[in-house]
Amino acid sequence: MPFIPHTEKDIKDMLSTIGVAKIEDLFDEIPANLRIKELPAIPEGLTEMELARLMRERAEQDLSALCFIGAGAYEHHIPAAVWEVTSRGEFLTAYTPYQAEASQGTLQLLYEYQTMMASLMALDVSNASLYDGASALAEAILMAVRANRQTKSQRILIPQTVHPHYRHVVKTIVGQQGIEIVEVPFDPKTGTTTLAILQKMAGEAAAFVIPQPNFFGALEDVDALTDWAHQQKALVIGVVNPLAMSLLKAPGEWGQTGADIACGEGQPLGVPLASGGPYYGFLCCKKDIVRQLPGRIVGRTVDTDGKQGFVLTLQAREQHIRRAKATSNICTNQGLLVTASTIYMSLMGPKGLKRIAEACYHAAHELREKVKTIPGVEVAFTGPSFHEMVLRLPKPVDAVLDELAKYRIQGGLSLQKTYPQIENGLLVCATETKTSQDINEYVEKLKLALNHASHASHNEKKTVTIKAEGV
Amino acid sequence: MPFIPHTEKDIKDMLSTIGVAKIEDLFDEIPANLRIKELPAIPEGLTEMELARLMRERAEQDLSALCFIGAGAYEHHIPAAVWEVTSRGEFLTAYTPYQAEASQGTLQLLYEYQTMMASLMALDVSNASLYDGASALAEAILMAVRANRQTKSQRILIPQTVHPHYRHVVKTIVGQQGIEIVEVPFDPKTGTTTLAILQKMAGEAAAFVIPQPNFFGALEDVDALTDWAHQQKALVIGVVNPLAMSLLKAPGEWGQTGADIACGEGQPLGVPLASGGPYYGFLCCKKDIVRQLPGRIVGRTVDTDGKQGFVLTLQAREQHIRRAKATSNICTNQGLLVTASTIYMSLMGPKGLKRIAEACYHAAHELREKVKTIPGVEVAFTGPSFHEMVLRLPKPVDAVLDELAKYRIQGGLSLQKTYPQIENGLLVCATETKTSQDINEYVEKLKLALNHASHASHNEKKTVTIKAEGV
Amino acid sequence: MLIFEQSQKNRSATVQYPRAISQKMDIPKALLRQDEPLLPEVSELEVVRHYTRLSRKNFSIDTQFYPLGSCTMKYNPRGVHRLAFLEGFLNHHPLSLDSQSQGFMSCTYELQEILKAVTGMKGVSLTPMAGAQGEFAGVAMIRAYHQARGDVARDEIIVPDAAHGTNPASAVQCGYKVKEIPTGADGNINMEALRAAVGPQTAGIMLTNPSTLGVFEQKIKEMSEIVHKAGGLLYYDGANLNAILGKVRPGDMGFDVMHINLHKTFATPHGGGGPGGGPVAVGERLVPYLPIPMVTKQGGTYRWLTEEDCPDTIGRLSAFMGNGGIILRALMYARLLGKQGMHRVAEFATLNANYILAKLRTAGFTPAYPTRRASHEFIITLKQEAKELHITALDVAKRLLDYGFHAPTMYFPLLVPECLLIEPTETESKQVLDRFVDAMVQILQEAKDNPDLLRSAPHTLPVKRLDEVKAARELDLVYRAC
Amino acid sequence: MLIFEQSQKNRSATVQYPRAISQKMDIPKALLRQDEPLLPEVSELEVVRHYTRLSRKNFSIDTQFYPLGSCTMKYNPRGVHRLAFLEGFLNHHPLSLDSQSQGFMSCTYELQEILKAVTGMKGVSLTPMAGAQGEFAGVAMIRAYHQARGDVARDEIIVPDAAHGTNPASAVQCGYKVKEIPTGADGNINMEALRAAVGPQTAGIMLTNPSTLGVFEQKIKEMSEIVHKAGGLLYYDGANLNAILGKVRPGDMGFDVMHINLHKTFATPHGGGGPGGGPVAVGERLVPYLPIPMVTKQGGTYRWLTEEDCPDTIGRLSAFMGNGGIILRALMYARLLGKQGMHRVAEFATLNANYILAKLRTAGFTPAYPTRRASHEFIITLKQEAKELHITALDVAKRLLDYGFHAPTMYFPLLVPECLLIEPTETESKQVLDRFVDAMVQILQEAKDNPDLLRSAPHTLPVKRLDEVKAARELDLVYRAC
Ligand SMILES: Cc1ncc(COP(=O)(O)O)c(C=O)c1O
Ligand SMILES: Cc1ncc(COP(=O)(O)O)c(C=O)c1O
């Protein structure tokens, strides 16, 4: 019996202590007509050896040689120490630290994390994590609506330079509460949000979202945007790449008074790509709105001897205390990823983190300069960028990506569906993991792919309509 | 500076405390003409990211799809829990448990290991490990020579069915002390040591070595051999596969009074193939000769409160106390591998271990039956065997192995050099990791390889003579 | 000592840095950061040592029995964790082409199918990242369903008073009002109250069964009829699925939608707070509303279903597809159990809970629902001890830590005074349970002989009892270098 | 509690078993085992929990400062450990064809080359599995050398009294007699004694430099001339190589043969006692005798050198090629350090040692060799404290454990009474060293104020001081179920 330690003798003894004849009797309160006897659709159990073999085969299918996709999930070097320590049973198999005295490891780590993340954002406080960057943005918006004392407006401005999936998630979550979401178009030259465009959006708003770098890898004029938003009485929410904040001006420093809230995806800080998760969302804010901050927060206190210790605090915001009136429904968060990130940030320190950001910048810019030499390939936007950029290809992007896949290269993310206005747009990223050799390889294979790719946009997937066929 | 934490300020402060101006001054007792300034032959330092990439490339070169080599190192399923726990920093980065109070984890584990291994061998005591199976056999022989009170003979009998590398190591080590090593030929029909052959070897001897299973995978008639050896006043040393001892009669039970010493390679018990090491040698013996046992031994005792605790004991046998008169020069042993083995044996228990041995047996016998159907392929020996066997091929073995390598199959070990008397002999192994499908794949590919392999024995390596060219 | 207190200006673990590049960057100065963030400057050894030592201050499944009710702290197989670290999974980008993701997608698809089988539901989406997000998704689907039918007046979700806090919070996050209904003395929901509560305003009800009180709601079929008749849908909070895995299926009980906590029933590690996984499973009616993405299989290849395939979906809940690594782990665990192992989970979880209950009862503890069978967990109330001995459930919980056991869940559900919710799970042995009971018995004796021992507990942990009031009053949430 | 005491008949972790096969086996009954070995029958959770908890009773580099003299307890990079677990290395059979082993062999070859460079030697074999086996190999090569020249009367190896126990033991294992020579008060070998000791019977001498006394033997060139002139060879015990890595090379000092402790200088983990790695490096004369196998490179491919290539080899020392995984780890560490990092090891190890020495000296501790510079380690003697305060080096060592520091090496070298041999290594920070010195100072004060505190130490560990005498007298080496 996998993972069940009971011997026949144990079972007999236990049943007799309970006073029943067989295990089945313990289910006697369940109406018999509801009981099932078997689960025929479930496969036979495997041994760990068999499972390992199966999973190795599957994992191997997904190996590629070089990945140039970014778009919200970034390949970085993760020091082995990060996951070696994070995987220790005491971190891995503990629950949320409700029993503070028996959880000082996790709690102190979270306090350290809060310090690091708040400082990285140049804000006062941080929570202990949300699910991911996209849902963190949704929570940040809900928070802003609750926290904004200057306006009763339920209007939220989100630039289209925010990750399309983030905007989608915001709609799913925030949309349930009747909040109006207004999308702000971008300047087709710079790929950023400009004051000129914003002028047309003026008026009170509960919050304004500023991505930095934005989805296209371009850098927004955060100072101007922040000040403009504050003039509209909006709270400013920065949705940022935390790694980039070692190099770029942090939300708390934007404009005259700084962004009010910062959120984003913690993945770049020590979390592997892992097919998409688990990652974690971070959320920081100014001190005066901390009571609207959702999620766990750790505070430092003392024990009965006056010795320093850590506890979950401000629990009155949370669902297990405040129930229907809580700041959010979140309970389980992404603690283990925060553990990894905290260790990662400790290893890198301020200088290491900045060095990585710089290396990312240079790798991406090397790529940019080199792809530009391919006839027909253009860089879509002018202006400063971080480690990602949009290319315009002379052939249908999906076809080119399929060609690149033949060389085991993941060539970037097609923007055909999300930004049809950018013709044959391809979002490409290079981080510190990419050497000049890798970049040359990319450029060379891209040339070949462009030669081979057909002009017709192929690869049209047959869609299923769920209503008709079921999942 | 990799792994060196000193800041400029630290260095300055430390030098001033010491009272020197620069670090170089600390080497002022070293004659200047001996000092070197640089090491030009050493490559530039790498970052961990660069190293990881390099090592991934190298490791990939050595991947094969299916391995049918045994010959003293066996592929087994190792539960992930084994190395997850073994790799905990507290096991991994501790030293030999000289400070017992600060090493109870390692010490208790070793005590548990000694219990398990002694019991597996049906002997009274075990040490805490030696380097590997081959050197353990050498130590066992030295121990037997010291321990044998019945004869002053310095003669040792070793069957040629003992692993050729083990015999080689014995020669290297034991040979230094003027001990006479006599090799016992094997019966060409059964591939085992028979009484008929031994008759010609009669006479006093210090020790007689019995492999079980032997190098060919064949099972020796351990009872008869043990009793014969005891008649020659020899101590009996079993050199056995510890995993097989869950199924086969253990050394302590051999013959009338049991073998006196058992040793062997611990690798099958939870240690990965790992290109050849680190593995560990185990060594067990009867109680009355424990003071001749080399290596660390842990004993149970009490602390000043009478509470149970564990310490290194019988240290008077060891080099750090007894120096030139020690039972051996061994100091550092293979503790971490023993840690893994202890966890492995705990997970498997007596029934799991036996189940594995049985599965190995059946896999090998399935292979045996199936290869026999290939025209020209013969099983070299009759008689019972465990999970390994010698095949005779109709083509030169080395050529066949090269062909199999094209299918990423490691087809077995060629015996052409070690046992030229077995024409085109190939030693093949199958463990519980091999499914029927794997075995069919092997048979099918072996057929193809036999078709393609040339008749001429190719693959003659150019040897270098060290004297001439240097290493 | 905090990591920051070990920091020394310009200390570094350079072997982890990329090489420095001296080229200039074309980023305007106004966009650049001027100061350094407060990250520690420490060596790799210092980091490893600091966090290794910190980890040792935690209780965890790997080191202690952890009978935390409602949390299902069962063994988290190491093999599963290790295999999730295979490079093909670990270095795989979530936006890779489908053709480059077949390995991961096959796992996703299989887990969808397995969850359909164990829940008796018709459709599954794995994207919710924890139970609460599953609840959100479920209630959002209920809402989408009513809206699609033009049934827009329904603005209430009914929630029993015993429900977990996430239930009402999730309902509110979907724009609903919450109506609480009371539990009877037998632990079942008061049917009269339910009948009174339902009406044209009822969008649905959120339940768990067995409930958070550790007892099986026997009239579940009747309840489902009441709610359905009123036009509402039934949501099943799957946090307690471990109690019935392979024995009863929420779909068969009449539930329309539910979540599953992979980090409970499917043994994925809790990680000191997360990550989790909260897949939603739905009956026929709600299939079109499932959150995206999901995986479908067409002629041997797997493909992501997105908004184009699912025009009525409530949408995305995460940037990618939820907690992919947790999905992998849950699938692996399910494959290890297989059809034979699945129902044993519920059997032995229930056996263990009833065994402790029987022994504690004999030892003089008071079950909150003495007439009821325990499910995979049960509640004892220390109301009497509180009154007579002036000790609280908190005191007992803290004292248990001294005995090397994690405390059960305290003060939840809120309706039972001085309660401890005890959930042993199926992976603990009788011998461990016996030792736990022994400790409880000894603590009860201490409560009589020397109650201060309890009140001032714990005594053997890295810190003594911590001042939570001070923490909330004098907020100290980040370290500031002085 | 022992794992056996948790065992329950027929309990098992079946998910780890292969499937049962009901077919019969053709093994005669007489060859089969009848009883079951005494292995525990426990669940996977019990195993993980038991050994996780046991591990927490250890001190280790990852959790404590571990200034164990002569053992070089430096940081063991986690990256190196993890990369050694790459499947291509881990599942690779040692007897694979050369063509299927190029990855591993390239690492082996590179380490051979790097070790030649740092030792100043001409040939390297990586096969010895620890320092002691390296010593054996080295002395065996010395013997082979003399024998090849027909110089067979040489039957003595000279060893200083300060030498590590493995030195004389190894010499004896090679069939030699051992002649001890004394150390002078300044820590150097007495040159007169050396001159008197050498002669036609001298096969060689075994030395470390810096010696185990922590000081550099300044007249090493003179010594090498004396020994060489007498026809003997010089063996260098590389256990202290950390002190001179990249600063001085044994080959340049006149040594003919040496071993390197990879588990010290090259940061491979000690594993609670092992594994180690003890490569041997030799000068020109001894190259033909190197133990096999070694790797050579011919036109871009690597090949194992065996007895066919090396007819004069002393032979094999292990079944395969020694501790392969340790070779890998050492190579990776060396590659991380690179040419720039290599000599910093010695510099900062030496800086750290001299810093502690200076501070301890100021605090009133007595250096064993007060006139000498410390190398990477140094000795203090508590002779005076023993006499005046009736406390021993052992007491101080045990008391240090209470302060969270591993104790230095005690009572070695044997010639210094009540000594502690302190080796901080280069990977520890000044701040850690300061805390260590503070602890020593406080203990010295305790020795004066309350010596019983030391004598009964440790007080804060899982056990108090253990009775070693009882352990050796009433041997209890295996558990017996009763
Ligand atoms: C009964 C119940 N419902 C819902 C939840 C919420 O699940 P999660 O923490 O995964 O969001 C929990 C978690 O503790 C629970 O116990
Ligand atoms: C000076 C010295 N020589 C030799 C050795 C023996 O090395 P090993 O333990 O690797 O066999 C040691 C190990 O402690 C040592 O310190």
# chains A, B, ... in the order shown; residues from 1 in each chain; ligands from 1
$ residues_near_ligand --ligand "ligand 1" --cutoff "7 Å" --atoms "only C-alpha atoms and all ligand atoms" --output "ChimeraX atom specification"
/A:330-332 /C:70-71,130-133,163-164,166-167,208,212,237-240,261,276-278
$ residues_around --residues "Pro251 in chain A" --least-positions-apart "6" --cutoff "12 Å" --atoms "only C-alpha atoms" --output "VMD selection string"
(chain A and resid 117 to 124 209 to 213 220 to 223 225 to 226 236 to 242 244 to 245 257 to 264 283 to 286) or (chain C and resid 31 to 33)
$ write_last_selection --atoms "N, CA and C atoms" --output "short mmCIF file (atom, residue, chain, number, x, y, z; two decimals), in the first residue's frame"
data_model
loop_
_atom_site.label_atom_id
_atom_site.label_comp_id
_atom_site.auth_asym_id
_atom_site.auth_seq_id
_atom_site.Cartn_x
_atom_site.Cartn_y
_atom_site.Cartn_z
N MET A 117 12.32 42.63 -0.66
CA MET A 117 11.42 42.99 -1.75
C MET A 117 10.96 44.44 -1.62
N ALA A 118 10.62 44.86 -0.40
CA ALA A 118 10.20 46.24 -0.21
C ALA A 118 11.33 47.17 -0.63
N SER A 119 12.53 46.83 -0.26
CA SER A 119 13.67 47.69 -0.59
C SER A 119 13.92 47.70 -2.10
N LEU A 120 13.77 46.55 -2.72
CA LEU A 120 13.95 46.48 -4.17
C LEU A 120 12.93 47.37 -4.87
N MET A 121 11.75 47.49 -4.28
CA MET A 121 10.70 48.32 -4.87
C MET A 121 10.75 49.76 -4.34
N ALA A 122 11.63 50.01 -3.40
CA ALA A 122 11.70 51.32 -2.75
C ALA A 122 10.35 51.70 -2.13
N LEU A 123 9.70 50.70 -1.58
CA LEU A 123 8.44 50.95 -0.87
C LEU A 123 8.59 50.50 0.58
N ASP A 124 7.55 50.74 1.37
CA ASP A 124 7.70 50.52 2.81
C ASP A 124 7.50 49.08 3.24
N VAL A 209 -2.04 51.70 -13.99
CA VAL A 209 -1.02 50.64 -13.95
C VAL A 209 0.15 51.02 -14.87
N ILE A 210 1.34 50.96 -14.35
CA ILE A 210 2.52 51.25 -15.18
C ILE A 210 3.44 50.02 -15.21
N PRO A 211 3.64 49.45 -16.36
CA PRO A 211 4.58 48.33 -16.45
C PRO A 211 6.00 48.83 -16.68
N GLN A 212 6.96 48.19 -16.07
CA GLN A 212 8.35 48.57 -16.31
C GLN A 212 9.26 47.38 -16.15
N PRO A 213 10.02 46.93 -17.10
CA PRO A 213 9.83 47.23 -18.51
C PRO A 213 8.47 46.73 -18.95
N GLU A 220 9.14 52.41 -20.03
CA GLU A 220 8.15 53.48 -19.97
C GLU A 220 8.77 54.69 -19.26
N ASP A 221 8.18 55.85 -19.59
CA ASP A 221 8.64 57.08 -18.95
C ASP A 221 7.94 57.19 -17.59
N VAL A 222 8.41 56.40 -16.66
CA VAL A 222 7.69 56.19 -15.40
C VAL A 222 7.45 57.46 -14.60
N ASP A 223 8.40 58.38 -14.63
CA ASP A 223 8.22 59.60 -13.85
C ASP A 223 7.02 60.39 -14.35
N LEU A 225 4.56 59.39 -16.23
CA LEU A 225 3.30 58.65 -16.11
C LEU A 225 2.78 58.70 -14.68
N THR A 226 3.69 58.54 -13.75
CA THR A 226 3.29 58.55 -12.34
C THR A 226 2.68 59.90 -11.96
N VAL A 236 -0.99 54.85 -8.16
CA VAL A 236 -0.14 54.29 -9.21
C VAL A 236 0.33 52.89 -8.80
N ILE A 237 0.09 51.95 -9.69
CA ILE A 237 0.53 50.57 -9.47
C ILE A 237 1.63 50.26 -10.47
N GLY A 238 2.81 50.02 -9.98
CA GLY A 238 3.88 49.58 -10.87
C GLY A 238 3.82 48.08 -11.00
N VAL A 239 3.85 47.57 -12.22
CA VAL A 239 3.95 46.12 -12.39
C VAL A 239 5.28 45.89 -13.09
N VAL A 240 6.23 45.38 -12.30
CA VAL A 240 7.62 45.45 -12.73
C VAL A 240 8.32 44.10 -12.65
N ASN A 241 9.39 44.00 -13.40
CA ASN A 241 10.28 42.85 -13.30
C ASN A 241 11.23 43.13 -12.13
N PRO A 242 11.15 42.35 -11.07
CA PRO A 242 11.91 42.68 -9.86
C PRO A 242 13.43 42.66 -10.08
N ALA A 244 14.93 43.57 -12.77
CA ALA A 244 15.29 44.81 -13.45
C ALA A 244 15.39 45.97 -12.47
N MET A 245 14.73 45.84 -11.34
CA MET A 245 14.73 46.95 -10.37
C MET A 245 16.08 47.13 -9.68
N THR A 257 6.23 61.62 -6.07
CA THR A 257 5.98 60.99 -4.77
C THR A 257 6.07 59.47 -4.82
N GLY A 258 6.38 58.95 -5.98
CA GLY A 258 6.54 57.50 -6.06
C GLY A 258 5.23 56.78 -6.31
N ALA A 259 5.34 55.60 -6.89
CA ALA A 259 4.16 54.75 -7.06
C ALA A 259 3.66 54.35 -5.67
N ASP A 260 2.39 54.03 -5.61
CA ASP A 260 1.80 53.67 -4.31
C ASP A 260 1.90 52.18 -4.03
N ILE A 261 1.84 51.45 -5.11
CA ILE A 261 1.84 49.98 -5.01
C ILE A 261 2.78 49.45 -6.10
N ALA A 262 3.49 48.38 -5.77
CA ALA A 262 4.26 47.71 -6.81
C ALA A 262 3.94 46.22 -6.73
N CYS A 263 3.83 45.61 -7.87
CA CYS A 263 3.55 44.19 -7.89
C CYS A 263 4.24 43.59 -9.11
N GLY A 264 4.17 42.29 -9.21
CA GLY A 264 4.78 41.65 -10.37
C GLY A 264 5.09 40.20 -10.10
N LEU A 283 3.88 41.83 -3.86
CA LEU A 283 3.02 43.01 -3.72
C LEU A 283 3.58 43.86 -2.59
N CYS A 284 3.94 45.09 -2.94
CA CYS A 284 4.50 46.01 -1.96
C CYS A 284 3.67 47.30 -1.99
N CYS A 285 3.74 48.05 -0.92
CA CYS A 285 2.99 49.31 -0.93
C CYS A 285 3.58 50.28 0.08
N LYS A 286 3.01 51.47 0.04
CA LYS A 286 3.38 52.46 1.04
C LYS A 286 2.74 52.09 2.38
N LEU C 31 15.85 56.97 -15.79
CA LEU C 31 15.19 55.67 -15.64
C LEU C 31 16.01 54.69 -14.80
N LEU C 32 17.18 55.11 -14.42
CA LEU C 32 18.07 54.20 -13.69
C LEU C 32 17.93 54.36 -12.18
N ARG C 33 18.23 53.29 -11.51
CA ARG C 33 18.21 53.29 -10.06
C ARG C 33 19.48 53.97 -9.55
#
$ select_by_dssp --residues "range 164-381 of chain D" --states "strand (DSSP E or B)" --output "count of residues only"
45
$ select_by_dssp --residues "range 278-462 of chain D" --states "helix (DSSP H, G or I)" --output "JSON, numbers by chain"
{"D": [284, 285, 286, 287, 288, 289, 324, 325, 326, 327, 328, 329, 330, 331, 332, 333, 334, 335, 336, 337, 338, 339, 340, 341, 342, 343, 344, 345, 346, 347, 348, 349, 350, 351, 352, 353, 354, 355, 356, 357, 358, 359, 360, 361, 362, 383, 384, 385, 386, 387, 388, 389, 393, 394, 395, 396, 397, 398, 399, 400, 401, 402, 430, 431, 432, 433, 434, 435, 436, 437, 438, 439, 440, 441, 442, 443, 444, 445, 446, 447, 448, 449, 451, 452, 453, 454, 455]}
$ closest_residue --among "D:Ser125, D:Asn58, D:Thr268, D:Ser96" --to "ligand 2" --atoms "only C-alpha atoms and all ligand atoms"
D:Thr268
$ atom_distance --atom1 "CA of Leu367 in chain A" --atom2 "CA of Leu391 in chain A"
10.9 Å
$ interface_residues --of "chain A" --to "chain B" --cutoff "12 Å" --atoms "only C-alpha atoms" --output "ChimeraX atom specification"
/A:3,5,47-53,56-57,65-66,75-81,83-90,92,347,356,432-435
$ atom_distance --atom1 "CA of Ala472 in chain D" --atom2 "CA of Tyr113 in chain B"
18.5 Å
$ closest_residue --among "B:Ile30, B:Leu54, B:Ala147, B:Leu269" --to "chain D" --atoms "only C-alpha atoms"
B:Ile30
$ closest_residue --among "C:Thr366, C:Thr202, C:Thr350, C:Asn450" --to "chain A" --atoms "only C-alpha atoms"
C:Thr350
$ interface_residues --of "chain C" --to "chain B" --cutoff "8 Å" --atoms "only C-alpha atoms" --output "list in words"
Gln8, Lys9, Asn10, Arg11, Ser12, Ala13, Thr14, Val15, Gln16, Tyr17, Pro18, Arg19, Val42, Ser43, Glu44, Leu45, Thr52, Pro77, Arg78, Gly79 and Arg82 of chain C
$ interface_residues --of "chain D" --to "chain C" --cutoff "6 Å" --atoms "only C-alpha atoms" --output "compact mmCIF listing (two decimals) with N, CA and C atoms, in the first residue's frame"
# COMPACT_ATOMS: atom_id res chain seq x y z
N LEU D 45 7.85 7.39 4.95
CA LEU D 45 7.81 8.56 5.84
C LEU D 45 8.66 8.32 7.07
N ARG D 49 11.76 10.65 7.98
CA ARG D 49 11.71 11.40 9.24
C ARG D 49 12.85 10.99 10.17
N ARG D 53 15.81 13.56 11.08
CA ARG D 53 16.01 13.95 12.48
C ARG D 53 17.42 13.60 12.94
N ASP D 62 27.89 23.16 6.94
CA ASP D 62 26.70 23.88 6.54
C ASP D 62 25.94 24.48 7.72
N THR D 63 26.28 24.06 8.92
CA THR D 63 25.56 24.61 10.07
C THR D 63 26.46 25.28 11.11
N TYR D 75 34.05 25.56 2.78
CA TYR D 75 32.75 25.46 2.13
C TYR D 75 32.82 24.49 0.96
$ closest_atom_pairs --of "chain B" --to "ligand 2" --cutoff "12 Å" --atoms "only C-alpha atoms and all ligand atoms" --output "Markdown table"
| residue | atom | partner | partner_atom_place_in_ligand_line | distance |
| --- | --- | --- | --- | --- |
| B:Tyr95 | CA | ligand 2 | 14 (O) | 9.6 |
| B:Thr96 | CA | ligand 2 | 9 (O) | 9.1 |
| B:Tyr98 | CA | ligand 2 | 14 (O) | 11.2 |
| B:Leu130 | CA | ligand 2 | 11 (O) | 10.9 |
| B:Tyr131 | CA | ligand 2 | 11 (O) | 10.1 |
| B:Gly295 | CA | ligand 2 | 11 (O) | 11.1 |
| B:Arg296 | CA | ligand 2 | 9 (O) | 11.8 |
| B:Glu318 | CA | ligand 2 | 11 (O) | 11.9 |
| B:Gln319 | CA | ligand 2 | 6 (C) | 9.6 |
| B:His320 | CA | ligand 2 | 14 (O) | 9.0 |
| B:Arg323 | CA | ligand 2 | 4 (C) | 11.6 |
| B:Ser328 | CA | ligand 2 | 11 (O) | 10.9 |
| B:Asn329 | CA | ligand 2 | 11 (O) | 7.7 |
| B:Ile330 | CA | ligand 2 | 11 (O) | 5.9 |
| B:Cys331 | CA | ligand 2 | 9 (O) | 4.3 |
| B:Thr332 | CA | ligand 2 | 9 (O) | 3.7 |
| B:Asn333 | CA | ligand 2 | 9 (O) | 7.4 |
| B:Gln334 | CA | ligand 2 | 10 (O) | 10.4 |
| B:Gly335 | CA | ligand 2 | 9 (O) | 11.7 |
$ residues_around --residues "Pro43 in chain B" --least-positions-apart "6" --cutoff "8 Å" --atoms "only C-alpha atoms" --output "PyMOL selection string"
chain D and resi 335+338-339
$ atom_distance --atom1 "CA of Ser246 in chain A" --atom2 "CA of Glu183 in chain A"
28.6 Å
$ residues_around --residues "Ser375 in chain D" --least-positions-apart "3" --cutoff "9 Å" --atoms "only C-alpha atoms" --output "ChimeraX atom specification"
/B:26-27 /D:210-211,214-216,243-244,346,349-351,353-354,372,378
$ residues_around --residues "Ala380 in chain B" --least-positions-apart "2" --cutoff "9 Å" --atoms "only C-alpha atoms" --output "mmCIF file with N, CA and C atoms, in the first residue's frame"
data_model
loop_
_atom_site.group_PDB
_atom_site.id
_atom_site.type_symbol
_atom_site.label_atom_id
_atom_site.label_comp_id
_atom_site.auth_asym_id
_atom_site.auth_seq_id
_atom_site.Cartn_x
_atom_site.Cartn_y
_atom_site.Cartn_z
ATOM 1 N N PRO B 188 35.728 -25.312 -16.397
ATOM 2 C CA PRO B 188 35.299 -24.654 -17.636
ATOM 3 C C PRO B 188 33.844 -24.952 -17.989
ATOM 4 N N LYS B 189 33.248 -25.920 -17.339
ATOM 5 C CA LYS B 189 31.856 -26.226 -17.635
ATOM 6 C C LYS B 189 30.918 -25.339 -16.799
ATOM 7 N N THR B 190 31.204 -25.270 -15.524
ATOM 8 C CA THR B 190 30.282 -24.554 -14.633
ATOM 9 C C THR B 190 30.713 -23.109 -14.370
ATOM 10 N N GLY B 191 31.954 -22.813 -14.678
ATOM 11 C CA GLY B 191 32.442 -21.478 -14.342
ATOM 12 C C GLY B 191 32.539 -21.257 -12.849
ATOM 13 N N GLU B 378 25.882 -18.581 -27.348
ATOM 14 C CA GLU B 378 25.779 -19.640 -26.337
ATOM 15 C C GLU B 378 25.992 -19.095 -24.947
ATOM 16 N N THR B 382 27.028 -23.828 -17.336
ATOM 17 C CA THR B 382 25.814 -24.440 -16.794
ATOM 18 C C THR B 382 25.756 -24.124 -15.317
ATOM 19 N N MET B 389 25.682 -13.331 -16.501
ATOM 20 C CA MET B 389 26.042 -14.575 -17.172
ATOM 21 C C MET B 389 27.091 -14.278 -18.236
ATOM 22 N N VAL B 390 27.813 -15.311 -18.621
ATOM 23 C CA VAL B 390 28.785 -15.164 -19.701
ATOM 24 C C VAL B 390 28.191 -15.749 -20.967
ATOM 25 N N LEU B 391 28.226 -14.976 -22.055
ATOM 26 C CA LEU B 391 27.795 -15.477 -23.358
ATOM 27 C C LEU B 391 29.025 -15.715 -24.215
ATOM 28 N N ARG B 392 28.907 -16.669 -25.100
ATOM 29 C CA ARG B 392 29.930 -16.819 -26.136
ATOM 30 C C ARG B 392 29.313 -16.395 -27.451
ATOM 31 N N ILE B 422 37.978 -18.087 -22.653
ATOM 32 C CA ILE B 422 36.557 -18.128 -23.034
ATOM 33 C C ILE B 422 36.455 -17.381 -24.356
ATOM 34 N N GLY B 425 34.058 -14.204 -25.189
ATOM 35 C CA GLY B 425 33.215 -14.168 -23.990
ATOM 36 C C GLY B 425 32.700 -12.760 -23.694
#
